[in-house]
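**Q** Got a file for you: final_9.cif, mmCIF, C-alpha atoms.
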```cif
data_run
loop_
_atom_site.label_atom_id
_atom_site.label_comp_id
_atom_site.auth_asym_id
_atom_site.auth_seq_id
_atom_site.Cartn_x
_atom_site.Cartn_y
_atom_site.Cartn_z
CA MET A 1 3.81 -16.57 5.04
CA ILE A 2 3.44 -13.45 7.21
CA ASP A 3 -0.33 -13.69 6.89
CA THR A 4 -0.26 -17.26 8.20
CA LEU A 5 2.12 -16.35 11.01
CA CYS A 6 -0.07 -13.44 12.11
CA GLY A 7 -3.12 -15.68 12.04
CA ARG A 8 -1.36 -18.21 14.27
CA LEU A 9 -0.56 -15.43 16.71
CA GLY A 10 -4.26 -14.56 16.96
CA TYR A 11 -4.48 -11.44 14.84
CA THR A 12 -7.76 -11.07 12.97
CA PRO A 13 -7.67 -11.47 9.17
CA ALA A 14 -8.01 -7.67 8.85
CA GLU A 15 -5.12 -7.06 11.26
CA SER A 16 -3.01 -9.70 9.52
CA SER A 17 -3.72 -8.07 6.19
CA GLN A 18 -2.65 -4.68 7.54
CA LEU A 19 0.56 -6.12 9.01
CA CYS A 20 1.36 -7.63 5.60
CA LEU A 21 0.72 -4.23 4.03
CA ALA A 22 3.07 -2.50 6.49
CA ILE A 23 5.84 -5.01 5.72
CA ASP A 24 5.16 -4.71 1.99
CA GLU A 25 5.42 -0.93 2.21
CA ALA A 26 8.67 -1.14 4.17
CA LEU A 27 10.22 -3.52 1.63
CA CYS A 28 9.02 -1.38 -1.29
CA ASN A 29 10.58 1.69 0.30
CA VAL A 30 13.93 -0.11 0.57
CA ILE A 31 13.77 -1.27 -3.06
CA ARG A 32 12.58 2.07 -4.43
CA HIS A 33 14.52 4.58 -2.35
CA GLY A 34 17.42 2.53 -0.95
CA TYR A 35 18.31 0.47 -3.99
CA ASP A 36 16.91 2.93 -6.59
CA SER A 37 14.66 0.12 -7.88
CA ALA A 38 17.64 -2.15 -8.59
CA PRO A 39 16.34 -5.74 -8.73
CA ASP A 40 19.10 -7.52 -6.81
CA GLY A 41 19.43 -5.65 -3.52
CA ARG A 42 19.66 -7.74 -0.36
CA ILE A 43 17.10 -7.32 2.41
CA ARG A 44 17.08 -9.20 5.71
CA MET A 45 13.87 -9.48 7.68
CA GLU A 46 13.22 -10.93 11.11
CA VAL A 47 9.87 -11.32 12.82
CA HIS A 48 9.82 -12.08 16.55
CA GLU A 49 7.06 -12.69 19.02
CA ARG A 50 8.24 -10.82 22.13
CA THR A 51 6.24 -12.30 24.96
CA ASP A 52 8.18 -10.22 27.51
CA THR A 53 6.90 -6.96 26.03
CA GLY A 54 3.70 -8.40 24.55
CA ARG A 55 4.59 -7.10 21.11
CA LEU A 56 5.35 -8.44 17.68
CA GLU A 57 8.74 -7.13 16.56
CA ILE A 58 9.68 -6.79 12.91
CA LEU A 59 13.24 -5.98 11.87
CA ILE A 60 14.16 -5.06 8.30
CA GLU A 61 17.79 -4.42 7.35
CA ASP A 62 19.39 -3.62 4.03
CA ASP A 63 22.78 -2.84 2.54
CA ALA A 64 21.41 0.04 0.49
CA LYS A 65 22.45 3.68 0.58
CA GLN A 66 21.70 5.49 3.81
CA VAL A 67 18.95 8.03 3.42
CA ASP A 68 18.54 11.17 5.48
CA LEU A 69 16.49 10.14 8.52
CA ASP A 70 14.74 13.52 8.50
CA SER A 71 13.47 12.77 4.99
CA ILE A 72 11.56 9.72 6.23
CA ARG A 73 8.32 11.22 7.32
CA SER A 74 4.66 10.67 6.88
CA ARG A 75 2.74 13.08 4.71
CA ASP A 76 0.46 15.74 6.16
CA LEU A 77 -3.00 14.19 6.36
CA ASP A 78 -4.57 17.23 4.71
CA ASP A 79 -2.03 17.18 1.92
CA VAL A 80 -3.54 15.07 -0.86
CA ARG A 81 -0.58 14.04 -2.96
CA PRO A 82 0.98 10.78 -4.07
CA GLY A 83 4.23 10.85 -2.05
CA GLY A 84 4.85 9.68 1.51
CA LEU A 85 1.91 7.30 1.65
CA GLY A 86 4.00 4.22 2.46
CA VAL A 87 5.56 5.75 5.57
CA HIS A 88 2.14 7.05 6.57
CA LEU A 89 0.57 3.59 6.25
CA ILE A 90 3.37 2.06 8.33
CA SER A 91 2.94 4.66 11.08
CA GLU A 92 -0.83 4.15 11.13
CA ILE A 93 -0.71 0.34 11.18
CA MET A 94 2.20 -0.18 13.58
CA ASP A 95 2.40 0.98 17.20
CA ASP A 96 5.99 2.16 16.83
CA ALA A 97 8.53 2.34 14.03
CA ILE A 98 12.17 3.42 14.25
CA TYR A 99 14.42 4.04 11.26
CA GLU A 100 18.18 4.17 11.78
CA HIS A 101 21.50 3.94 9.98
CA ARG A 102 23.39 0.67 10.45
CA ASN A 103 27.01 1.01 11.53
CA GLU A 104 27.95 -1.49 8.82
CA GLY A 105 26.15 0.59 6.17
CA GLY A 106 22.59 0.38 5.00
CA MET A 107 19.40 1.06 6.92
CA ARG A 108 17.47 -0.63 9.70
CA LEU A 109 13.76 -0.38 10.37
CA MET A 110 12.37 -1.77 13.60
CA MET A 111 8.63 -1.76 14.10
CA TRP A 112 6.29 -3.17 16.69
CA LYS A 113 2.65 -4.12 17.05
CA GLN A 114 0.92 -5.21 20.22
CA LEU A 115 0.23 -8.93 20.25
CA PRO A 116 -3.44 -9.95 20.36
CA MET A 117 -4.82 -10.55 23.85
CA THR A 118 -6.52 -13.78 22.82
CA GLY A 119 -4.17 -15.68 20.64
CA THR A 120 -3.13 -19.28 20.46
CA PRO A 121 0.26 -19.40 22.15
CA ALA A 122 2.72 -19.92 19.34
CA LYS A 123 6.45 -19.57 19.25
CA ALA A 124 6.78 -17.41 16.21
CA ASN A 125 10.17 -16.31 15.05
CA LEU A 126 11.06 -15.92 11.44
CA GLU A 127 14.21 -14.88 9.66
CA VAL A 128 14.21 -14.30 5.93
CA ASP A 129 16.83 -13.15 3.49
CA VAL A 130 15.19 -11.54 0.49
CA GLU A 131 17.01 -11.19 -2.81
CA GLU A 132 14.87 -9.33 -5.30
CA SER A 133 14.52 -11.14 -8.60
CA MET B 1 -1.90 -6.96 -14.30
CA GLU B 2 -4.31 -6.27 -17.13
CA VAL B 3 -6.44 -3.15 -17.56
CA LYS B 4 -9.65 -3.21 -19.60
CA THR B 5 -11.64 -0.16 -20.64
CA GLU B 6 -15.22 0.28 -21.76
CA GLN B 7 -17.36 3.25 -22.83
CA ARG B 8 -20.89 3.09 -21.44
CA ASP B 9 -23.64 5.67 -20.91
CA GLY B 10 -21.22 8.53 -21.54
CA ALA B 11 -18.71 7.26 -19.01
CA MET B 12 -15.28 5.72 -19.45
CA ILE B 13 -14.97 2.62 -17.27
CA VAL B 14 -11.46 1.44 -16.40
CA ARG B 15 -11.15 -2.07 -14.97
CA PRO B 16 -7.77 -3.11 -13.57
CA GLU B 17 -7.49 -6.85 -13.00
CA GLY B 18 -5.00 -8.17 -10.48
CA ASP B 19 -2.91 -6.77 -7.64
CA ILE B 20 -1.86 -3.13 -7.86
CA ASP B 21 1.59 -2.77 -6.34
CA LEU B 22 5.02 -1.36 -7.08
CA SER B 23 5.50 -3.66 -10.08
CA SER B 24 2.12 -3.02 -11.71
CA SER B 25 1.08 0.52 -10.77
CA SER B 26 2.89 2.00 -13.80
CA ILE B 27 0.61 -0.07 -16.09
CA LEU B 28 -2.45 1.38 -14.39
CA ARG B 29 -0.97 4.89 -14.57
CA SER B 30 -0.55 4.64 -18.35
CA SER B 31 -4.07 3.28 -18.79
CA LEU B 32 -5.57 6.06 -16.69
CA GLN B 33 -3.70 8.73 -18.63
CA GLU B 34 -5.04 7.26 -21.89
CA ALA B 35 -8.54 7.11 -20.42
CA HIS B 36 -8.32 10.76 -19.42
CA GLU B 37 -7.37 11.73 -22.94
CA SER B 38 -10.40 9.98 -24.40
CA THR B 39 -13.08 11.18 -21.99
CA GLU B 40 -14.38 14.57 -20.97
CA GLY B 41 -17.23 13.54 -18.72
CA LYS B 42 -17.06 10.78 -16.18
CA LEU B 43 -14.25 8.37 -15.41
CA ILE B 44 -15.13 5.27 -13.37
CA ILE B 45 -12.45 2.99 -11.94
CA ASP B 46 -14.04 -0.39 -11.26
CA LEU B 47 -11.89 -2.19 -8.69
CA ALA B 48 -13.97 -5.39 -8.49
CA SER B 49 -11.04 -7.49 -9.74
CA VAL B 50 -8.41 -5.93 -7.48
CA GLN B 51 -7.81 -7.92 -4.31
CA TYR B 52 -4.71 -6.05 -3.12
CA MET B 53 -3.42 -2.52 -3.43
CA ASP B 54 -0.40 -0.92 -1.80
CA SER B 55 0.59 2.74 -1.49
CA SER B 56 1.94 2.87 -5.05
CA GLY B 57 -1.55 1.97 -6.28
CA VAL B 58 -3.16 4.56 -4.03
CA ALA B 59 -0.60 7.14 -5.21
CA THR B 60 -1.51 6.35 -8.83
CA LEU B 61 -5.17 6.99 -8.04
CA VAL B 62 -4.28 10.23 -6.23
CA GLU B 63 -2.46 11.38 -9.38
CA CYS B 64 -5.56 10.45 -11.38
CA LEU B 65 -7.74 12.44 -8.99
CA GLN B 66 -5.51 15.49 -9.39
CA LEU B 67 -5.63 15.14 -13.16
CA SER B 68 -9.44 14.83 -13.03
CA ARG B 69 -9.77 17.96 -10.94
CA ARG B 70 -7.62 19.92 -13.37
CA SER B 71 -9.55 18.69 -16.40
CA GLY B 72 -13.01 18.92 -14.82
CA THR B 73 -13.60 15.18 -15.16
CA THR B 74 -15.72 13.40 -12.56
CA LEU B 75 -13.79 10.50 -11.03
CA LEU B 76 -15.55 7.67 -9.22
CA LEU B 77 -14.22 4.48 -7.63
CA CYS B 78 -16.53 1.50 -7.28
CA GLN B 79 -16.69 -2.11 -6.10
CA LEU B 80 -13.76 -1.91 -3.69
CA HIS B 81 -12.99 -5.08 -1.77
CA GLU B 82 -12.85 -4.59 1.98
CA ARG B 83 -9.09 -5.09 2.03
CA VAL B 84 -8.59 -2.41 -0.63
CA LEU B 85 -11.05 -0.02 1.00
CA SER B 86 -9.15 -0.35 4.29
CA VAL B 87 -5.99 1.00 2.62
CA PHE B 88 -7.90 4.16 1.65
CA GLN B 89 -9.28 4.38 5.18
CA ILE B 90 -5.85 4.02 6.81
CA ALA B 91 -4.49 6.66 4.42
CA ARG B 92 -7.56 8.76 5.29
CA LEU B 93 -8.33 9.18 1.63
CA ASP B 94 -11.75 7.49 1.73
CA GLY B 95 -13.34 10.91 2.16
CA VAL B 96 -11.28 12.48 -0.59
CA PHE B 97 -12.37 10.12 -3.36
CA ASP B 98 -15.97 9.54 -4.45
CA ILE B 99 -16.34 5.85 -3.58
CA VAL B 100 -19.59 4.03 -4.35
CA PRO B 101 -20.49 0.36 -3.81
CA SER B 102 -21.63 -0.65 -7.29
CA LEU B 103 -20.98 0.12 -10.94
CA GLU B 104 -24.66 0.96 -11.42
CA GLU B 105 -24.43 3.63 -8.73
CA ALA B 106 -21.29 5.00 -10.33
CA LEU B 107 -23.02 5.21 -13.71
CA SER B 108 -26.07 6.97 -12.26
CA HIS B 109 -24.03 9.27 -9.97
#
```
Re-express the file's structure as structure tokens.

**A**
Amino acid sequence: MIDTLCGRLGYTPAESSQLCLAIDEALCNVIRHGYDSAPDGRIRMEVHERTDTGRLEILIEDDAKQVDLDSIRSRDLDDVRPGGLGVHLISEIMDDAIYEHRNEGGMRLMMWKQLPMTGTPAKANLEVDVEES
Amino acid sequence: MEVKTEQRDGAMIVRPEGDIDLSSSSILRSSLQEAHESTEGKLIIDLASVQYMDSSGVATLVECLQLSRRSGTTLLLCQLHERVLSVFQIARLDGVFDIVPSLEEALSH
């Protein structure tokens, strides 16, 4: 679904694949760290084409426990170890990513990627509620 | 995901088949630990049948690399699809692992 949407917006297959990976990593982080791998946590995702800023905006919200924002950091590039790779991949693929606590509880991740310069104009907005099963 | 293993020319070849993500990386981890226990020379992970890998898969291979370094085993990755290779490149781990194009090159490495 995201792959198709990114293709319609004019991203190359490689860029679309990387955007899917960034979203996958973000969702996995919520499931693993926010919901402690519980299979029924709720995640809300929105994808918006922001023509005013020329960026693709991806919003991911959950009702999971709020984690220390200082603990969300990419690993040192010279530090070869298993942890922190997901956050690192997100920061490398996306132009910007902001993690914050929601006032209602849970976490919010907003991330952006510049829209392709040569894309087929397409109104692309997507809202998805994900219930892990 | 299924993981097949084969002994050939003194090397242990591990072949995961399917996507390696949060739900399947533990299967690969167990298979790699078993492979380590039954080889002292060269361990080859043939990724020809893996079309998608996320950070949990990469983390599993990093653990395997650390285990190999401690045990003195040579670890090689081969036949990575472009999409999988790009994950290693983004994570800047493509220079940390020994990655070769073909299984033949891995066997003769």

**Q** Can you pull out every residue within 9 Å of Ala35 of chain B, counting all atoms listed in the file, but drop anything in the same chain fewer than 5 positions away, and send it as number ranges by chain?

**A** B: 5, 12-14, 30, 43

**Q** Within 12 Å of segment 98-113 of chain A, counting only C-alpha atoms, which residues qualify if same-chain residues fewer than 4 places away don't, as a ChimeraX atom specification?

**A** /A:6,9,11,15-16,18-19,22-23,25-27,29-31,33-35,41-51,53-73,87,90-94,117

**Q** Do you know which residues the PyMOL selection byres ((chain B) within 7 of (chain A)) returns on this file, as number ranges by chain?

**A** B: 54-55, 59-60, 62-63, 90-91

**Q** Would you translate the PyMOL selection byres ((chain B and resi 73) around 10) into the concrete set of residues it matches in this file, as JSON, numbers by chain?

**A** {"B": [36, 39, 40, 41, 42, 43, 65, 66, 67, 68, 69, 70, 71, 72, 74, 75, 76]}

**Q** State, in Å with one decimal place, the distance from atom CA of Asp3 of chain A to atom CA of Asp129 of chain A.

**A**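 The value is 17.5 Å.
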
**Q** Nearest residue to Ala11 of chain B out of B:Gln33, B:Arg92, B:Ile27, B:Ile44, using only C-alpha atoms?

**A**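 Of B:Gln33, B:Arg92, B:Ile27, B:Ile44, the one nearest Ala11 of chain B, counting only C-alpha atoms, is B:Ile44.
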
**Q** Between atom CA of Ser49 of chain B and atom CA of Ser25 of chain B, what distance in Å does the model show, to one decimal?

**A**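 Taking atom CA of Ser49 of chain B as the start and atom CA of Ser25 of chain B as the end point, the length is 14.6 Å.
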
**Q** Suppose you want the space between atom CA of Ser31 of chain B and atom CA of Cys64 of chain B; what is it in Å?

**A** 10.4 Å

**Q** Within 12 Å of (-21.1, 4.4, -6.0), all atoms listed in the file: residues as a list in words?

**A**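 Using all atoms listed in the file, the matching residues come out as Ile44, Ile45, Asp46, Leu47, Leu75, Leu76, Leu77, Cys78, Gln79, Leu80, Phe97, Asp98, Ile99, Val100, Pro101, Ser102, Leu103, Glu104, Glu105, Ala106, Leu107, Ser108 and His109 of chain B.
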
**Q** Restricted to N, CA and C atoms, what does segment 53-70 of chain B look like when written out as a compact mmCIF listing (two decimals), in the first residue's frame?

**A**
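The result, written out as part-v4.txt:
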```txt
# COMPACT_ATOMS: atom_id res chain seq x y z
N MET B 53 14.60 -7.44 4.44
CA MET B 53 15.19 -7.57 5.77
C MET B 53 15.06 -6.23 6.48
N ASP B 54 14.62 -6.26 7.73
CA ASP B 54 14.56 -5.02 8.50
C ASP B 54 15.68 -5.01 9.54
N SER B 55 15.65 -4.05 10.44
CA SER B 55 16.76 -3.89 11.38
C SER B 55 16.89 -5.08 12.34
N SER B 56 15.78 -5.78 12.59
CA SER B 56 15.90 -6.95 13.48
C SER B 56 16.70 -8.05 12.80
N GLY B 57 16.57 -8.16 11.48
CA GLY B 57 17.39 -9.12 10.73
C GLY B 57 18.85 -8.71 10.71
N VAL B 58 19.10 -7.42 10.48
CA VAL B 58 20.47 -6.92 10.48
C VAL B 58 21.09 -7.13 11.87
N ALA B 59 20.31 -6.86 12.91
CA ALA B 59 20.81 -7.02 14.28
C ALA B 59 21.17 -8.48 14.55
N THR B 60 20.38 -9.40 14.02
CA THR B 60 20.67 -10.84 14.18
C THR B 60 22.00 -11.18 13.51
N LEU B 61 22.25 -10.60 12.35
CA LEU B 61 23.51 -10.86 11.66
C LEU B 61 24.69 -10.18 12.37
N VAL B 62 24.45 -9.04 12.99
CA VAL B 62 25.50 -8.39 13.78
C VAL B 62 25.88 -9.27 14.97
N GLU B 63 24.87 -9.84 15.63
CA GLU B 63 25.14 -10.78 16.74
C GLU B 63 25.97 -11.95 16.24
N CYS B 64 25.62 -12.45 15.05
CA CYS B 64 26.33 -13.59 14.46
C CYS B 64 27.79 -13.21 14.16
N LEU B 65 27.97 -11.98 13.68
CA LEU B 65 29.32 -11.50 13.39
C LEU B 65 30.15 -11.43 14.67
N GLN B 66 29.54 -10.94 15.73
CA GLN B 66 30.25 -10.85 17.01
C GLN B 66 30.63 -12.23 17.54
N LEU B 67 29.70 -13.17 17.39
CA LEU B 67 29.95 -14.55 17.81
C LEU B 67 31.09 -15.16 16.97
N SER B 68 31.08 -14.87 15.68
CA SER B 68 32.13 -15.39 14.78
C SER B 68 33.50 -14.85 15.16
N ARG B 69 33.54 -13.56 15.48
CA ARG B 69 34.82 -12.96 15.86
C ARG B 69 35.36 -13.58 17.14
N ARG B 70 34.46 -13.85 18.07
CA ARG B 70 34.90 -14.45 19.34
C ARG B 70 35.39 -15.87 19.14
```
